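J.: Pasting model_4.cif below, which is mmCIF, N, CA and C atoms.
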data_work
#
loop_
_atom_site.label_atom_id
_atom_site.label_comp_id
_atom_site.auth_asym_id
_atom_site.auth_seq_id
_atom_site.Cartn_x
_atom_site.Cartn_y
_atom_site.Cartn_z
N MET R 1480 -33.67 25.53 3.39
CA MET R 1480 -33.55 24.77 2.17
C MET R 1480 -32.21 24.00 2.19
N ALA R 1481 -32.28 22.73 1.94
CA ALA R 1481 -31.09 21.89 1.97
C ALA R 1481 -30.31 22.05 0.67
N LYS R 1482 -29.00 22.10 0.81
CA LYS R 1482 -28.14 22.20 -0.36
C LYS R 1482 -28.06 20.85 -1.06
N SER R 1483 -27.83 20.88 -2.37
CA SER R 1483 -27.66 19.63 -3.10
C SER R 1483 -26.19 19.28 -3.25
N GLU R 1484 -25.28 20.27 -3.05
CA GLU R 1484 -23.85 20.04 -3.14
C GLU R 1484 -23.13 20.82 -2.05
N GLU R 1485 -21.95 20.33 -1.66
CA GLU R 1485 -21.15 20.99 -0.64
C GLU R 1485 -19.68 20.78 -0.95
N ARG R 1486 -18.85 21.77 -0.59
CA ARG R 1486 -17.40 21.63 -0.77
C ARG R 1486 -16.89 20.48 0.08
N ILE R 1487 -15.99 19.70 -0.49
CA ILE R 1487 -15.50 18.52 0.23
C ILE R 1487 -14.69 18.89 1.47
N ASP R 1488 -13.89 19.97 1.39
CA ASP R 1488 -13.09 20.34 2.57
C ASP R 1488 -13.99 20.77 3.73
N LYS R 1489 -15.06 21.49 3.44
CA LYS R 1489 -16.00 21.89 4.50
C LYS R 1489 -16.71 20.68 5.09
N TRP R 1490 -17.14 19.77 4.22
CA TRP R 1490 -17.89 18.61 4.68
C TRP R 1490 -17.03 17.71 5.56
N MET R 1491 -15.76 17.48 5.16
CA MET R 1491 -14.89 16.62 5.96
C MET R 1491 -14.58 17.24 7.32
N TRP R 1492 -14.44 18.57 7.36
CA TRP R 1492 -14.24 19.24 8.65
C TRP R 1492 -15.51 19.16 9.49
N ALA R 1493 -16.66 19.42 8.87
CA ALA R 1493 -17.93 19.44 9.60
C ALA R 1493 -18.29 18.07 10.17
N THR R 1494 -17.91 17.01 9.46
CA THR R 1494 -18.23 15.66 9.93
C THR R 1494 -17.10 15.05 10.76
N ARG R 1495 -16.15 15.87 11.15
CA ARG R 1495 -15.08 15.50 12.08
C ARG R 1495 -14.10 14.47 11.54
N ILE R 1496 -13.95 14.40 10.22
CA ILE R 1496 -12.92 13.54 9.65
C ILE R 1496 -11.56 14.19 9.90
N PHE R 1497 -11.53 15.53 9.84
CA PHE R 1497 -10.33 16.29 10.15
C PHE R 1497 -10.64 17.31 11.25
N LYS R 1498 -9.63 17.64 12.04
CA LYS R 1498 -9.81 18.53 13.19
C LYS R 1498 -10.06 19.98 12.77
N THR R 1499 -9.41 20.44 11.69
CA THR R 1499 -9.63 21.80 11.23
C THR R 1499 -9.88 21.79 9.73
N ARG R 1500 -10.47 22.87 9.24
CA ARG R 1500 -10.75 22.96 7.81
C ARG R 1500 -9.44 23.13 7.05
N THR R 1501 -8.47 23.78 7.64
CA THR R 1501 -7.16 23.95 7.00
C THR R 1501 -6.51 22.59 6.77
N ILE R 1502 -6.55 21.71 7.76
CA ILE R 1502 -5.98 20.37 7.62
C ILE R 1502 -6.74 19.60 6.54
N SER R 1503 -8.04 19.78 6.50
CA SER R 1503 -8.87 19.13 5.49
C SER R 1503 -8.47 19.58 4.09
N ALA R 1504 -8.29 20.88 3.90
CA ALA R 1504 -7.89 21.42 2.60
C ALA R 1504 -6.49 20.95 2.22
N GLU R 1505 -5.58 20.91 3.19
CA GLU R 1505 -4.21 20.44 2.93
C GLU R 1505 -4.21 18.98 2.47
N ALA R 1506 -5.03 18.15 3.09
CA ALA R 1506 -5.12 16.74 2.70
C ALA R 1506 -5.57 16.61 1.25
N CYS R 1507 -6.50 17.46 0.85
CA CYS R 1507 -6.96 17.46 -0.54
C CYS R 1507 -5.83 17.89 -1.48
N LYS R 1508 -5.12 18.94 -1.12
CA LYS R 1508 -4.03 19.45 -1.96
C LYS R 1508 -2.91 18.43 -2.11
N LYS R 1509 -2.69 17.63 -1.07
CA LYS R 1509 -1.63 16.62 -1.12
C LYS R 1509 -2.07 15.33 -1.81
N GLY R 1510 -3.31 15.28 -2.29
CA GLY R 1510 -3.79 14.11 -3.01
C GLY R 1510 -4.22 12.96 -2.12
N ARG R 1511 -4.52 13.23 -0.86
CA ARG R 1511 -4.91 12.18 0.07
C ARG R 1511 -6.41 11.94 0.11
N VAL R 1512 -7.17 12.73 -0.65
CA VAL R 1512 -8.61 12.60 -0.67
C VAL R 1512 -9.06 12.35 -2.10
N SER R 1513 -9.94 11.36 -2.27
CA SER R 1513 -10.47 11.10 -3.60
C SER R 1513 -11.98 10.85 -3.50
N VAL R 1514 -12.67 11.21 -4.56
CA VAL R 1514 -14.12 11.00 -4.64
C VAL R 1514 -14.36 10.14 -5.87
N GLY R 1515 -14.93 8.96 -5.64
CA GLY R 1515 -15.18 8.06 -6.75
C GLY R 1515 -13.91 7.64 -7.49
N GLY R 1516 -12.80 7.57 -6.78
CA GLY R 1516 -11.55 7.14 -7.38
C GLY R 1516 -10.72 8.25 -7.98
N ALA R 1517 -11.26 9.47 -8.10
CA ALA R 1517 -10.53 10.59 -8.68
C ALA R 1517 -10.08 11.54 -7.57
N SER R 1518 -8.83 11.98 -7.66
CA SER R 1518 -8.29 12.91 -6.67
C SER R 1518 -9.15 14.17 -6.60
N ALA R 1519 -9.33 14.69 -5.37
CA ALA R 1519 -10.23 15.82 -5.18
C ALA R 1519 -9.51 17.05 -4.66
N LYS R 1520 -9.77 18.20 -5.28
CA LYS R 1520 -9.27 19.47 -4.77
C LYS R 1520 -10.19 19.92 -3.64
N PRO R 1521 -9.74 20.87 -2.80
CA PRO R 1521 -10.58 21.32 -1.68
C PRO R 1521 -11.93 21.90 -2.13
N SER R 1522 -11.97 22.50 -3.30
CA SER R 1522 -13.21 23.13 -3.77
C SER R 1522 -14.16 22.15 -4.46
N ARG R 1523 -13.75 20.92 -4.61
CA ARG R 1523 -14.57 19.90 -5.27
C ARG R 1523 -15.88 19.75 -4.52
N THR R 1524 -16.99 19.73 -5.24
CA THR R 1524 -18.28 19.57 -4.58
C THR R 1524 -18.67 18.10 -4.55
N ILE R 1525 -19.34 17.73 -3.48
CA ILE R 1525 -19.83 16.37 -3.33
C ILE R 1525 -21.33 16.42 -3.14
N LYS R 1526 -21.97 15.29 -3.38
CA LYS R 1526 -23.42 15.20 -3.19
C LYS R 1526 -23.75 13.91 -2.45
N VAL R 1527 -24.95 13.77 -2.01
CA VAL R 1527 -25.38 12.60 -1.26
C VAL R 1527 -25.18 11.35 -2.13
N GLY R 1528 -24.59 10.33 -1.54
CA GLY R 1528 -24.34 9.08 -2.24
C GLY R 1528 -22.91 8.91 -2.72
N ASP R 1529 -22.12 10.00 -2.74
CA ASP R 1529 -20.72 9.91 -3.16
C ASP R 1529 -19.91 9.09 -2.16
N ILE R 1530 -18.86 8.44 -2.67
CA ILE R 1530 -17.93 7.70 -1.83
C ILE R 1530 -16.65 8.51 -1.74
N VAL R 1531 -16.25 8.85 -0.51
CA VAL R 1531 -15.05 9.66 -0.27
C VAL R 1531 -14.00 8.76 0.37
N ASP R 1532 -12.82 8.69 -0.26
CA ASP R 1532 -11.70 7.93 0.29
C ASP R 1532 -10.69 8.91 0.87
N VAL R 1533 -10.30 8.69 2.12
CA VAL R 1533 -9.35 9.56 2.81
C VAL R 1533 -8.16 8.72 3.25
N ARG R 1534 -6.98 9.07 2.77
CA ARG R 1534 -5.77 8.33 3.12
C ARG R 1534 -5.10 9.02 4.30
N LYS R 1535 -5.11 8.32 5.43
CA LYS R 1535 -4.38 8.75 6.63
C LYS R 1535 -3.44 7.60 6.93
N PRO R 1536 -2.20 7.68 6.41
CA PRO R 1536 -1.30 6.54 6.50
C PRO R 1536 -1.27 5.94 7.90
N PRO R 1537 -1.29 4.64 8.00
CA PRO R 1537 -1.18 3.63 6.95
C PRO R 1537 -2.52 3.15 6.40
N VAL R 1538 -3.62 3.80 6.75
CA VAL R 1538 -4.95 3.32 6.40
C VAL R 1538 -5.64 4.27 5.42
N THR R 1539 -6.45 3.69 4.53
CA THR R 1539 -7.31 4.49 3.66
C THR R 1539 -8.75 4.25 4.11
N TYR R 1540 -9.37 5.30 4.64
CA TYR R 1540 -10.75 5.22 5.11
C TYR R 1540 -11.69 5.51 3.95
N SER R 1541 -12.86 4.87 3.96
CA SER R 1541 -13.88 5.12 2.95
C SER R 1541 -15.17 5.51 3.65
N PHE R 1542 -15.81 6.58 3.14
CA PHE R 1542 -17.06 7.07 3.72
C PHE R 1542 -18.09 7.28 2.62
N ARG R 1543 -19.34 6.94 2.92
CA ARG R 1543 -20.45 7.22 2.01
C ARG R 1543 -21.16 8.45 2.55
N VAL R 1544 -21.39 9.44 1.70
CA VAL R 1544 -22.05 10.67 2.09
C VAL R 1544 -23.55 10.40 2.22
N LEU R 1545 -24.10 10.58 3.42
CA LEU R 1545 -25.53 10.38 3.67
C LEU R 1545 -26.30 11.69 3.66
N ALA R 1546 -25.65 12.77 4.07
CA ALA R 1546 -26.28 14.09 4.10
C ALA R 1546 -25.18 15.14 4.04
N LEU R 1547 -25.55 16.36 3.68
CA LEU R 1547 -24.58 17.45 3.55
C LEU R 1547 -24.74 18.46 4.67
N THR R 1548 -23.62 19.04 5.07
CA THR R 1548 -23.62 20.11 6.07
C THR R 1548 -22.34 20.91 5.92
N GLU R 1549 -22.43 22.20 6.24
CA GLU R 1549 -21.22 23.02 6.25
C GLU R 1549 -20.90 23.49 7.66
N ASN R 1550 -21.76 23.15 8.62
CA ASN R 1550 -21.53 23.52 10.01
C ASN R 1550 -21.01 22.31 10.78
N ARG R 1551 -20.03 22.54 11.64
CA ARG R 1551 -19.42 21.46 12.41
C ARG R 1551 -20.46 20.79 13.30
N LEU R 1552 -20.41 19.46 13.31
CA LEU R 1552 -21.42 18.68 14.03
C LEU R 1552 -20.89 18.18 15.36
N GLY R 1553 -21.80 17.91 16.26
CA GLY R 1553 -21.44 17.21 17.48
C GLY R 1553 -21.15 15.76 17.11
N ALA R 1554 -20.30 15.11 17.86
CA ALA R 1554 -19.87 13.75 17.54
C ALA R 1554 -21.04 12.77 17.44
N LYS R 1555 -22.08 12.98 18.23
CA LYS R 1555 -23.23 12.07 18.21
C LYS R 1555 -24.03 12.18 16.92
N LEU R 1556 -23.95 13.32 16.22
CA LEU R 1556 -24.72 13.52 14.99
C LEU R 1556 -24.01 13.04 13.74
N VAL R 1557 -22.72 12.77 13.83
CA VAL R 1557 -21.93 12.39 12.66
C VAL R 1557 -22.51 11.19 11.91
N PRO R 1558 -22.96 10.11 12.58
CA PRO R 1558 -23.49 8.96 11.83
C PRO R 1558 -24.68 9.28 10.92
N GLN R 1559 -25.37 10.39 11.15
CA GLN R 1559 -26.48 10.80 10.28
C GLN R 1559 -25.98 11.39 8.96
N TYR R 1560 -24.71 11.78 8.93
CA TYR R 1560 -24.16 12.47 7.76
C TYR R 1560 -23.17 11.63 6.95
N LEU R 1561 -22.61 10.59 7.56
CA LEU R 1561 -21.69 9.73 6.81
C LEU R 1561 -21.77 8.31 7.32
N GLU R 1562 -21.43 7.38 6.43
CA GLU R 1562 -21.38 5.97 6.80
C GLU R 1562 -19.95 5.50 6.55
N ASN R 1563 -19.33 4.93 7.56
CA ASN R 1563 -17.97 4.43 7.43
C ASN R 1563 -18.03 3.08 6.73
N ILE R 1564 -17.52 3.02 5.50
CA ILE R 1564 -17.52 1.78 4.73
C ILE R 1564 -16.08 1.29 4.49
N THR R 1565 -15.20 1.63 5.40
CA THR R 1565 -13.81 1.22 5.30
C THR R 1565 -13.73 -0.31 5.33
N PRO R 1566 -13.00 -0.92 4.37
CA PRO R 1566 -12.88 -2.38 4.35
C PRO R 1566 -12.23 -2.91 5.63
N GLN R 1567 -12.63 -4.10 6.05
CA GLN R 1567 -12.11 -4.70 7.27
C GLN R 1567 -10.60 -4.88 7.21
N SER R 1568 -10.06 -5.13 6.02
CA SER R 1568 -8.61 -5.32 5.89
C SER R 1568 -7.85 -4.06 6.31
N GLN R 1569 -8.41 -2.88 5.99
CA GLN R 1569 -7.78 -1.62 6.38
C GLN R 1569 -7.85 -1.42 7.89
N LEU R 1570 -8.99 -1.78 8.49
CA LEU R 1570 -9.14 -1.65 9.94
C LEU R 1570 -8.20 -2.62 10.67
N ASP R 1571 -8.01 -3.82 10.10
CA ASP R 1571 -7.07 -4.78 10.69
C ASP R 1571 -5.65 -4.22 10.65
N LEU R 1572 -5.30 -3.57 9.54
CA LEU R 1572 -3.97 -2.96 9.40
C LEU R 1572 -3.76 -1.91 10.48
N LEU R 1573 -4.78 -1.11 10.75
CA LEU R 1573 -4.70 -0.09 11.79
C LEU R 1573 -4.46 -0.74 13.16
N GLU R 1574 -5.15 -1.84 13.42
CA GLU R 1574 -5.00 -2.54 14.70
C GLU R 1574 -3.59 -3.10 14.85
N ILE R 1575 -3.04 -3.63 13.77
CA ILE R 1575 -1.67 -4.16 13.80
C ILE R 1575 -0.68 -3.05 14.14
N VAL R 1576 -0.87 -1.89 13.54
CA VAL R 1576 0.02 -0.77 13.80
C VAL R 1576 -0.07 -0.33 15.26
N LYS R 1577 -1.28 -0.32 15.82
CA LYS R 1577 -1.45 0.07 17.22
C LYS R 1577 -0.76 -0.93 18.15
N ILE R 1578 -0.90 -2.22 17.83
CA ILE R 1578 -0.32 -3.26 18.68
C ILE R 1578 1.20 -3.22 18.62
N SER R 1579 1.75 -3.02 17.43
CA SER R 1579 3.20 -3.08 17.27
C SER R 1579 3.90 -1.98 18.06
N GLY R 1580 3.26 -0.83 18.20
CA GLY R 1580 3.79 0.25 19.02
C GLY R 1580 5.21 0.61 18.71
N PHE R 1581 6.06 0.57 19.75
CA PHE R 1581 7.44 1.01 19.59
C PHE R 1581 8.33 -0.02 18.91
N ILE R 1582 7.86 -1.21 18.73
CA ILE R 1582 8.69 -2.28 18.18
C ILE R 1582 9.21 -1.90 16.79
N ASP R 1583 8.37 -1.28 15.98
CA ASP R 1583 8.74 -0.97 14.60
C ASP R 1583 9.45 0.37 14.45
N ARG R 1584 9.69 1.08 15.55
CA ARG R 1584 10.33 2.39 15.44
C ARG R 1584 11.79 2.20 15.04
N ARG R 1585 12.20 2.92 14.01
CA ARG R 1585 13.58 2.82 13.54
C ARG R 1585 14.52 3.49 14.53
N LYS R 1586 15.74 2.98 14.58
CA LYS R 1586 16.74 3.50 15.51
C LYS R 1586 17.00 4.97 15.23
N GLY R 1587 17.05 5.76 16.29
CA GLY R 1587 17.37 7.17 16.17
C GLY R 1587 16.18 8.08 15.93
N LEU R 1588 14.98 7.53 15.93
CA LEU R 1588 13.80 8.38 15.71
C LEU R 1588 13.20 8.82 17.04
N GLY R 1589 13.88 9.70 17.71
CA GLY R 1589 13.34 10.29 18.92
C GLY R 1589 13.68 9.53 20.19
N ARG R 1590 13.30 10.14 21.28
CA ARG R 1590 13.58 9.57 22.59
C ARG R 1590 12.61 8.43 22.87
N PRO R 1591 12.98 7.56 23.81
CA PRO R 1591 12.05 6.50 24.21
C PRO R 1591 10.83 7.11 24.90
N THR R 1592 9.70 6.46 24.75
CA THR R 1592 8.51 6.91 25.46
C THR R 1592 8.64 6.56 26.93
N LYS R 1593 7.72 7.06 27.76
CA LYS R 1593 7.75 6.73 29.19
C LYS R 1593 7.66 5.22 29.39
N ARG R 1594 6.79 4.60 28.61
CA ARG R 1594 6.61 3.15 28.74
C ARG R 1594 7.91 2.42 28.40
N GLU R 1595 8.55 2.82 27.31
CA GLU R 1595 9.81 2.19 26.92
C GLU R 1595 10.87 2.40 27.99
N GLY R 1596 10.91 3.60 28.58
CA GLY R 1596 11.87 3.89 29.64
C GLY R 1596 11.66 2.99 30.86
N ARG R 1597 10.38 2.79 31.24
CA ARG R 1597 10.08 1.91 32.37
C ARG R 1597 10.49 0.48 32.07
N GLU R 1598 10.23 0.03 30.83
CA GLU R 1598 10.61 -1.34 30.47
C GLU R 1598 12.13 -1.50 30.47
N LEU R 1599 12.85 -0.49 30.00
CA LEU R 1599 14.30 -0.54 30.00
C LEU R 1599 14.85 -0.57 31.43
N SER R 1600 14.27 0.27 32.31
CA SER R 1600 14.69 0.28 33.72
C SER R 1600 14.44 -1.07 34.37
N ARG R 1601 13.27 -1.65 34.10
CA ARG R 1601 12.92 -2.95 34.66
C ARG R 1601 13.91 -4.02 34.19
N PHE R 1602 14.26 -3.96 32.91
CA PHE R 1602 15.20 -4.93 32.35
C PHE R 1602 16.58 -4.81 33.00
N THR R 1603 17.08 -3.59 33.13
CA THR R 1603 18.41 -3.41 33.72
C THR R 1603 18.43 -3.79 35.20
N GLU R 1604 17.33 -3.50 35.92
CA GLU R 1604 17.25 -3.89 37.33
C GLU R 1604 17.28 -5.41 37.47
N GLU R 1605 16.57 -6.11 36.58
CA GLU R 1605 16.57 -7.57 36.62
C GLU R 1605 17.96 -8.10 36.30
N ALA R 1606 18.63 -7.48 35.35
CA ALA R 1606 19.98 -7.92 34.99
C ALA R 1606 20.92 -7.75 36.17
N MET R 1607 20.79 -6.64 36.89
CA MET R 1607 21.64 -6.40 38.05
C MET R 1607 21.34 -7.39 39.17
N SER R 1608 20.08 -7.80 39.31
CA SER R 1608 19.72 -8.72 40.38
C SER R 1608 20.31 -10.11 40.16
N TYR R 1609 20.65 -10.45 38.92
CA TYR R 1609 21.29 -11.73 38.62
C TYR R 1609 22.79 -11.67 38.85
N GLY R 1610 23.30 -10.52 39.21
CA GLY R 1610 24.70 -10.39 39.51
C GLY R 1610 25.57 -10.10 38.30
N TRP R 1611 24.97 -9.68 37.22
CA TRP R 1611 25.77 -9.33 36.06
C TRP R 1611 26.53 -8.05 36.36
N ASP R 1612 27.77 -8.02 36.02
CA ASP R 1612 28.60 -6.85 36.29
C ASP R 1612 28.84 -6.10 34.99
N PHE R 1613 28.34 -4.87 34.94
CA PHE R 1613 28.49 -4.08 33.72
C PHE R 1613 29.70 -3.16 33.78
N ASP R 1614 30.46 -3.21 34.88
CA ASP R 1614 31.66 -2.38 35.00
C ASP R 1614 32.84 -3.19 34.48
N PHE R 1615 33.29 -2.86 33.32
CA PHE R 1615 34.40 -3.57 32.72
C PHE R 1615 35.68 -2.81 33.01
N ASP R 1616 36.62 -3.46 33.62
CA ASP R 1616 37.91 -2.86 33.90
C ASP R 1616 38.93 -3.45 32.95
N PHE R 1617 39.16 -2.76 31.87
CA PHE R 1617 40.10 -3.27 30.88
C PHE R 1617 41.55 -2.99 31.27
N ASP R 1618 41.75 -2.10 32.25
CA ASP R 1618 43.10 -1.79 32.69
C ASP R 1618 43.71 -2.92 33.50
N GLU R 1619 42.84 -3.63 34.20
CA GLU R 1619 43.33 -4.74 35.03
C GLU R 1619 43.57 -5.95 34.13
N VAL R 1620 44.75 -6.43 34.14
CA VAL R 1620 45.09 -7.60 33.34
C VAL R 1620 45.23 -8.79 34.26
N GLU R 1621 44.52 -9.83 33.94
CA GLU R 1621 44.60 -11.03 34.76
C GLU R 1621 45.82 -11.82 34.31
N GLU R 1622 46.63 -12.20 35.30
CA GLU R 1622 47.81 -13.00 34.99
C GLU R 1622 47.51 -14.45 35.37
N SER R 1623 47.82 -15.37 34.48
CA SER R 1623 47.56 -16.76 34.77
C SER R 1623 48.82 -17.55 35.00
#
For the file at hand, write its structure as structure tokens.
T.:
Amino acid sequence: MAKSEERIDKWMWATRIFKTRTISAEACKKGRVSVGGASAKPSRTIKVGDIVDVRKPPVTYSFRVLALTENRLGAKLVPQYLENITPQSQLDLLEIVKISGFIDRRKGLGRPTKREGRELSRFTEEAMSYGWDFDFDFDEVEES
């Protein structure tokens, strides 16, 4: 017998919106999940046809509930249970963030990535090949 309602935290975990049910419940507690525009607690029940908004900064995803389940699904079955109705503007924002990569990282927020390290090495090697001298001898005074 199919259920007519399901807990939102179970459903989001089962449909692979979140990796664990604990993370799903935490997102609800932090106010990152809403159903029909109203903030949802983990125990909030949803039914077929509801619109679930999930905020995963910087994007807010929107899903339409097509079917209910409390058991975790294989990735291929997920489209039978939800429809991604996220606006194109949000998806474009996600793409911009992916493209920008390390450019927008504020100074002092962690070590450079491997890619950044390679680019820095390449830059310094090119600078050295042009004959730039980075050894400054301030003790030597040039007399004219």
J.: Show me the residues around (-20.8, 13.6, 2.7) - criterion: an atom at most 7 Å away, all atoms listed in the file counted - as a list in words.
T.: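 So the residues meeting the distance criterion are Trp1490, Met1491, Ile1525, Lys1526, Val1527, Gly1528, Asp1529, Phe1542, Arg1543, Val1544, Leu1545, Ala1546, Leu1547, Thr1548, Tyr1560 and Leu1561 of chain R.
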J.: Can you measure CA of Val1557 (chain R) to CA of Glu1505 (chain R) for me? One decimal in Å is fine.
T.: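 Spanning CA of Val1557 (chain R) to CA of Glu1505 (chain R) is a straight-line distance of 21.8 Å.
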J.: Between CA of Asp1532 (chain R) and CA of Gln1559 (chain R), measure the distance and give it in Å to one decimal.
T.: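 The value is 18.1 Å.
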J.: Box time for region 1554-1568 of chain R: axis-aligned, enclosing all its listed atoms, 5 Å extra on each side; report centre and edge lengths in Å to one decimal, as JSON.
T.:
{"center_x": -17.2, "center_y": 4.9, "center_z": 11.3, "size_x": 28.6, "size_y": 30.4, "size_z": 23.9}
J.: Please indicate the distance in Å from CA of Arg1511 (chain R) to atom N of Asn1563 (chain R), rounded to one decimal place.
T.: 17.8 Å
J.: Mind listing as an NGL selection string all residues within 6.5 Å of (-4.9, 24.2, -2.9), counting all atoms listed in the file?
T.: :R and (1504 or 1508 or 1521)
J.: Could you tell me, as a VMD selection string, which residues of region 1505-1575 of chain R DSSP assigns to alpha helix (DSSP H) when given the backbone?
T.: chain R and resid 1505 to 1508 1567 to 1575
J.: Which one of R:Arg1500, R:Arg1601, R:Lys1577, R:Arg1534 sits closest to Val1512 (chain R) if you count only N, CA and C atoms?
T.: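 Distance minimum relative to Val1512 (chain R) lands on R:Arg1534.
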J.: With only N, CA and C atoms as the atoms that count, which of R:Ala1506, R:Glu1598, R:Thr1501, R:Ser1483 lies nearest to Ala1519 (chain R)?
T.: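 Selected residue with least distance to Ala1519 (chain R): R:Ala1506.
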J.: So which residues of region 1486-1604 of chain R fall under strand (DSSP E or B) by DSSP, listed as an MDAnalysis selection string?
T.: chainID R and resid 1486 1512:1514 1517:1518 1524:1525 1530:1535 1538:1544 1561:1563
J.: Within 7 Å of Val1538 (chain R), counting all atoms listed in the file, which residues show up once you throw out same-chain ones fewer than 5 positions away? Write them as a PyMOL selection string, please.
T.: chain R and resi 1533+1569-1570+1572-1573
J.: Find, counting all atoms listed in the file, the residue in R:Glu1485, R:Lys1498, R:Val1531, R:Ser1600 that gets nearest to Ser1513 (chain R).
T.: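 When distances to Ser1513 (chain R) are compared using all atoms listed in the file, the smallest one comes from R:Val1531.
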